[in-house]
$ cat data-v2.txt   # compact mmCIF, C-alpha atoms
# COMPACT_ATOMS: atom_id res chain seq x y z
CA MET A 501 35.21 -21.06 12.63
CA LYS A 502 33.23 -24.29 12.70
CA ILE A 503 31.94 -23.32 16.17
CA ILE A 504 30.47 -20.11 14.73
CA SER A 505 28.78 -22.12 11.97
CA ILE A 506 27.28 -24.53 14.50
CA VAL A 507 26.07 -21.67 16.73
CA LEU A 508 24.47 -19.91 13.76
CA PHE A 509 22.87 -23.15 12.58
CA LEU A 510 21.40 -23.77 16.03
CA LEU A 511 20.15 -20.19 16.21
CA PHE A 512 18.46 -20.46 12.82
CA LEU A 513 17.07 -23.88 13.72
CA PHE A 514 15.53 -22.40 16.88
CA LEU A 515 14.04 -19.46 14.99
CA SER A 516 12.74 -21.79 12.30
CA VAL A 517 11.05 -24.08 14.83
CA ILE A 518 9.32 -21.07 16.42
CA HIS A 519 8.05 -19.95 13.01
CA PHE A 520 6.80 -23.46 12.18
CA TYR A 521 5.01 -23.46 15.56
CA TRP A 522 3.35 -20.13 14.74
CA GLY A 523 2.52 -21.32 11.23
CA PHE A 524 0.63 -24.26 12.71
CA GLY A 525 -1.36 -21.88 14.90
CA GLY A 526 0.74 -21.65 18.06
CA LYS A 527 0.35 -18.45 20.06
CA TRP A 528 3.17 -18.59 22.63
CA GLY A 529 5.62 -15.75 22.10
CA SER A 530 3.64 -14.20 19.27
CA GLN A 531 2.33 -11.13 21.11
CA ALA A 532 5.23 -8.79 20.30
CA VAL A 533 6.86 -10.11 17.15
CA VAL A 534 4.94 -8.07 14.57
CA PRO A 535 5.46 -4.29 14.25
CA THR A 536 2.53 -2.22 15.45
CA LYS A 537 1.54 1.37 15.05
CA ASN A 538 1.41 3.55 18.15
CA ASN A 539 -2.28 2.72 18.51
CA GLY A 540 -1.44 -0.99 18.77
CA ILE A 541 -2.73 -1.95 15.31
CA PRO A 542 -0.34 -4.36 13.56
CA VAL A 543 1.44 -3.00 10.49
CA PHE A 544 0.69 -6.36 8.85
CA ILE A 545 -0.83 -9.66 9.91
CA PRO A 546 1.29 -12.61 8.82
CA GLY A 547 -0.63 -15.57 7.48
CA ALA A 548 0.28 -19.22 7.78
CA VAL A 549 1.82 -19.40 4.30
CA SER A 550 4.13 -16.41 4.84
CA THR A 551 5.08 -17.74 8.28
CA PHE A 552 5.99 -21.11 6.75
CA ILE A 553 8.03 -19.35 4.05
CA VAL A 554 9.99 -17.57 6.79
CA ALA A 555 10.41 -20.86 8.69
CA VAL A 556 11.78 -22.68 5.64
CA SER A 557 14.02 -19.73 4.76
CA LEU A 558 15.48 -19.62 8.26
CA LEU A 559 16.10 -23.36 8.20
CA SER A 560 17.75 -23.00 4.78
CA PHE A 561 19.98 -20.20 6.07
CA GLY A 562 21.08 -22.37 8.98
CA THR A 563 21.74 -25.34 6.72
CA PHE A 564 23.82 -23.13 4.45
CA TYR A 565 26.25 -22.49 7.34
CA LEU A 566 26.67 -26.25 7.77
CA ILE A 567 27.27 -26.70 4.04
CA LYS A 568 29.83 -23.90 3.87
CA SER A 569 31.69 -25.22 6.90
CA GLY A 570 31.85 -28.76 5.49
CA PHE A 571 29.47 -30.53 7.88
CA ILE A 572 27.08 -31.33 5.04
CA GLN A 573 28.22 -32.27 1.55
CA ILE A 574 25.73 -30.85 -0.94
CA SER A 575 26.52 -29.41 -4.32
CA LEU A 576 25.31 -25.83 -4.63
CA PRO A 577 25.32 -23.49 -7.61
CA ILE A 578 28.72 -21.79 -7.71
CA TRP A 579 27.18 -18.30 -7.45
CA LEU A 580 25.39 -19.30 -4.24
CA TYR A 581 28.48 -20.93 -2.80
CA LYS A 582 30.56 -17.82 -3.55
CA SER A 583 27.97 -15.15 -2.70
CA GLY A 584 25.74 -16.83 -0.12
CA PHE A 585 27.40 -15.32 2.94
CA TRP A 586 27.37 -11.87 1.34
CA ILE A 587 23.66 -12.28 0.65
CA LEU A 588 23.05 -13.24 4.29
CA ILE A 589 25.22 -10.37 5.53
CA SER A 590 23.19 -7.98 3.38
CA ILE A 591 19.81 -9.36 4.49
CA PHE A 592 20.58 -9.18 8.20
CA THR A 593 22.43 -5.86 8.08
CA LEU A 594 19.48 -4.30 6.26
CA ARG A 595 17.09 -5.87 8.78
CA ALA A 596 19.13 -4.42 11.66
CA ILE A 597 19.15 -0.96 10.06
CA GLY A 598 15.44 -1.24 9.32
CA GLU A 599 13.00 0.66 7.18
CA PHE A 600 13.09 3.81 9.38
CA ASN A 601 9.48 3.58 10.61
CA TYR A 602 8.66 0.42 12.55
CA VAL A 603 11.67 -1.91 12.29
CA GLY A 604 15.40 -1.65 12.98
CA PHE A 605 17.77 0.53 14.95
CA PHE A 606 16.64 3.68 13.16
CA LYS A 607 12.87 3.25 13.52
CA LYS A 608 10.68 6.26 14.17
CA TYR A 609 8.03 4.51 16.29
CA LYS A 610 9.68 3.17 19.44
CA THR A 611 6.97 2.75 22.06
CA SER A 612 5.14 -0.45 21.09
CA GLN A 613 6.09 -3.75 22.71
CA PHE A 614 7.46 -4.91 19.36
CA ALA A 615 9.60 -1.75 19.07
CA VAL A 616 11.04 -2.27 22.54
CA ASN A 617 11.82 -5.93 21.77
CA ASP A 618 13.21 -4.95 18.40
CA THR A 619 15.62 -2.49 19.97
CA LYS A 620 16.68 -4.87 22.74
CA TYR A 621 16.72 -8.22 20.95
CA TYR A 622 15.73 -8.51 17.28
CA SER A 623 17.89 -5.82 15.67
CA PRO A 624 21.00 -6.61 17.78
CA LEU A 625 20.56 -10.29 16.91
CA CYS A 626 20.41 -9.45 13.21
CA LEU A 627 23.54 -7.33 13.53
CA LEU A 628 25.30 -10.14 15.40
CA ILE A 629 24.33 -12.61 12.66
CA SER A 630 25.79 -10.22 10.08
CA ILE A 631 29.03 -9.79 12.00
CA LEU A 632 29.51 -13.51 12.64
CA THR A 633 28.76 -14.27 9.00
CA LEU A 634 31.28 -11.62 7.94
CA VAL A 635 33.87 -13.28 10.20
CA LEU A 636 33.15 -16.62 8.51
CA GLU A 637 33.44 -15.05 5.06
CA LEU A 638 36.68 -13.20 5.77
CA TYR A 639 38.44 -16.03 7.62
CA LYS A 640 37.37 -19.03 5.56

$ encode --input "data-v2.txt" --output "structure tokens"
Amino acid sequence: MKIISIVLFLLFLFLSVIHFYWGFGGKWGSQAVVPTKNNGIPVFIPGAVSTFIVAVSLLSFGTFYLIKSGFIQISLPIWLYKSGFWILISIFTLRAIGEFNYVGFFKKYKTSQFAVNDTKYYSPLCLLISILTLVLELYK
């Protein structure tokens, strides 16, 4: 189970670094990571602050796996220690399912570059994160 925790930490570290890069103005890889309408107009335009919030959140998620698996000794509130994996499972399962328009497996708009990437990579990755986290929770 510690291997799963390390893999998830590294995955979240990678995603966090990319978001920090974008937050500081980097453009590489940013062309198809925001949902767009069929006419190519972004559904939203993330600013630096929101991108940094995502980066810190992703890094925190990854660190949580190391804490729960015993690699890092930090005292957490008992509710977070007990419910943290369930919160992560919920977040990433809901992200995989989506909001039924632009994001997730059940999106209505499927032709943009984001939608194609979301179907191939982003939503399956979120589902995989949920499943691996469920494995960690059930077999702790």

$ closest_residue --input "data-v2.txt" --among "A:Ser575, A:Ser516, A:Gln531, A:Thr536" --to "Phe552 in chain A" --atoms "all atoms listed in the file"
A:Ser516

$ closest_atom_pairs --input "data-v2.txt" --of "range 535-619 of chain A" --to "range 501-508 of chain A" --cutoff "8 Å" --atoms "all atoms listed in the file" --output "JSON lines"
{"residue": "A:Gly562", "atom": "CA", "partner": "A:Leu508", "partner_atom": "CA", "distance": 6.4}
{"residue": "A:Tyr565", "atom": "CA", "partner": "A:Ser505", "partner_atom": "CA", "distance": 5.3}
{"residue": "A:Leu566", "atom": "CA", "partner": "A:Ser505", "partner_atom": "CA", "distance": 6.3}
{"residue": "A:Ser569", "atom": "CA", "partner": "A:Lys502", "partner_atom": "CA", "distance": 6.1}

$ closest_residue --input "data-v2.txt" --among "A:Leu638, A:Ile589, A:Leu558, A:Val543" --to "Val603 in chain A" --atoms "all atoms listed in the file"
A:Val543

$ closest_residue --input "data-v2.txt" --among "A:Leu632, A:Ile578, A:Val534, A:Leu515" --to "Phe592 in chain A" --atoms "only C-alpha atoms"
A:Leu632

$ closest_residue --input "data-v2.txt" --among "A:Leu634, A:Leu559, A:Ile553, A:Ile574" --to "Thr593 in chain A" --atoms "only C-alpha atoms"
A:Leu634

$ closest_residue --input "data-v2.txt" --among "A:Ile597, A:Leu580, A:Ile631, A:Leu511" --to "Asp618 in chain A" --atoms "only C-alpha atoms"
A:Ile597

$ residues_around --input "data-v2.txt" --residues "Phe606 in chain A" --least-positions-apart "2" --cutoff "12 Å" --atoms "all atoms listed in the file" --output "PyMOL selection string"
chain A and resi 594-604+608-610+615+618-619+623

$ build_atoms --input "data-v2.txt" --residues "range 535-566 of chain A" --atoms "N, CA and C atoms" --output "tab-separated table (two decimals), in the frame of the given file"
chain	number	residue	atom	x	y	z
A	535	PRO	N	5.48	-5.74	14.00
A	535	PRO	CA	5.46	-4.29	14.25
A	535	PRO	C	4.03	-3.76	14.36
A	536	THR	N	3.84	-2.85	15.28
A	536	THR	CA	2.53	-2.22	15.45
A	536	THR	C	2.67	-0.72	15.40
A	537	LYS	N	1.59	-0.08	15.01
A	537	LYS	CA	1.54	1.37	15.05
A	537	LYS	C	1.39	1.79	16.51
A	538	ASN	N	1.52	3.07	16.78
A	538	ASN	CA	1.41	3.55	18.15
A	538	ASN	C	0.06	3.23	18.79
A	539	ASN	N	-0.97	3.06	17.98
A	539	ASN	CA	-2.28	2.72	18.51
A	539	ASN	C	-2.46	1.22	18.73
A	540	GLY	N	-1.40	0.45	18.52
A	540	GLY	CA	-1.44	-0.99	18.77
A	540	GLY	C	-1.90	-1.82	17.59
A	541	ILE	N	-2.29	-1.21	16.49
A	541	ILE	CA	-2.73	-1.95	15.31
A	541	ILE	C	-1.51	-2.48	14.57
A	542	PRO	N	-1.49	-3.79	14.27
A	542	PRO	CA	-0.34	-4.36	13.56
A	542	PRO	C	-0.14	-3.72	12.19
A	543	VAL	N	1.10	-3.54	11.81
A	543	VAL	CA	1.44	-3.00	10.49
A	543	VAL	C	1.04	-4.01	9.42
A	544	PHE	N	1.15	-5.29	9.72
A	544	PHE	CA	0.69	-6.36	8.85
A	544	PHE	C	0.34	-7.55	9.72
A	545	ILE	N	-0.46	-8.44	9.18
A	545	ILE	CA	-0.83	-9.66	9.91
A	545	ILE	C	-0.32	-10.84	9.09
A	546	PRO	N	0.72	-11.50	9.60
A	546	PRO	CA	1.29	-12.61	8.82
A	546	PRO	C	0.34	-13.81	8.80
A	547	GLY	N	0.18	-14.36	7.62
A	547	GLY	CA	-0.63	-15.57	7.48
A	547	GLY	C	0.22	-16.81	7.64
A	548	ALA	N	-0.43	-17.96	7.62
A	548	ALA	CA	0.28	-19.22	7.78
A	548	ALA	C	1.29	-19.44	6.67
A	549	VAL	N	0.92	-19.15	5.43
A	549	VAL	CA	1.82	-19.40	4.30
A	549	VAL	C	3.09	-18.56	4.43
A	550	SER	N	2.94	-17.26	4.72
A	550	SER	CA	4.13	-16.41	4.84
A	550	SER	C	4.98	-16.83	6.04
A	551	THR	N	4.33	-17.28	7.11
A	551	THR	CA	5.08	-17.74	8.28
A	551	THR	C	5.87	-19.01	7.95
A	552	PHE	N	5.27	-19.91	7.18
A	552	PHE	CA	5.99	-21.11	6.75
A	552	PHE	C	7.14	-20.77	5.81
A	553	ILE	N	6.95	-19.79	4.95
A	553	ILE	CA	8.03	-19.35	4.05
A	553	ILE	C	9.21	-18.84	4.87
A	554	VAL	N	8.92	-18.06	5.90
A	554	VAL	CA	9.99	-17.57	6.79
A	554	VAL	C	10.65	-18.75	7.50
A	555	ALA	N	9.85	-19.69	7.98
A	555	ALA	CA	10.41	-20.86	8.69
A	555	ALA	C	11.36	-21.66	7.80
A	556	VAL	N	10.94	-21.92	6.57
A	556	VAL	CA	11.78	-22.68	5.64
A	556	VAL	C	13.02	-21.88	5.27
A	557	SER	N	12.86	-20.58	5.08
A	557	SER	CA	14.02	-19.73	4.76
A	557	SER	C	15.03	-19.75	5.89
A	558	LEU	N	14.57	-19.61	7.11
A	558	LEU	CA	15.48	-19.62	8.26
A	558	LEU	C	16.21	-20.96	8.37
A	559	LEU	N	15.48	-22.04	8.17
A	559	LEU	CA	16.10	-23.36	8.20
A	559	LEU	C	17.13	-23.51	7.07
A	560	SER	N	16.81	-22.97	5.91
A	560	SER	CA	17.75	-23.00	4.78
A	560	SER	C	19.00	-22.19	5.08
A	561	PHE	N	18.83	-21.02	5.69
A	561	PHE	CA	19.98	-20.20	6.07
A	561	PHE	C	20.89	-20.99	7.01
A	562	GLY	N	20.29	-21.60	8.02
A	562	GLY	CA	21.08	-22.37	8.98
A	562	GLY	C	21.81	-23.53	8.32
A	563	THR	N	21.13	-24.22	7.43
A	563	THR	CA	21.74	-25.34	6.72
A	563	THR	C	22.89	-24.86	5.85
A	564	PHE	N	22.75	-23.68	5.29
A	564	PHE	CA	23.82	-23.13	4.45
A	564	PHE	C	25.13	-22.99	5.24
A	565	TYR	N	25.04	-22.59	6.51
A	565	TYR	CA	26.25	-22.49	7.34
A	565	TYR	C	26.91	-23.86	7.49
A	566	LEU	N	26.10	-24.91	7.65
A	566	LEU	CA	26.67	-26.25	7.77
A	566	LEU	C	27.31	-26.71	6.47
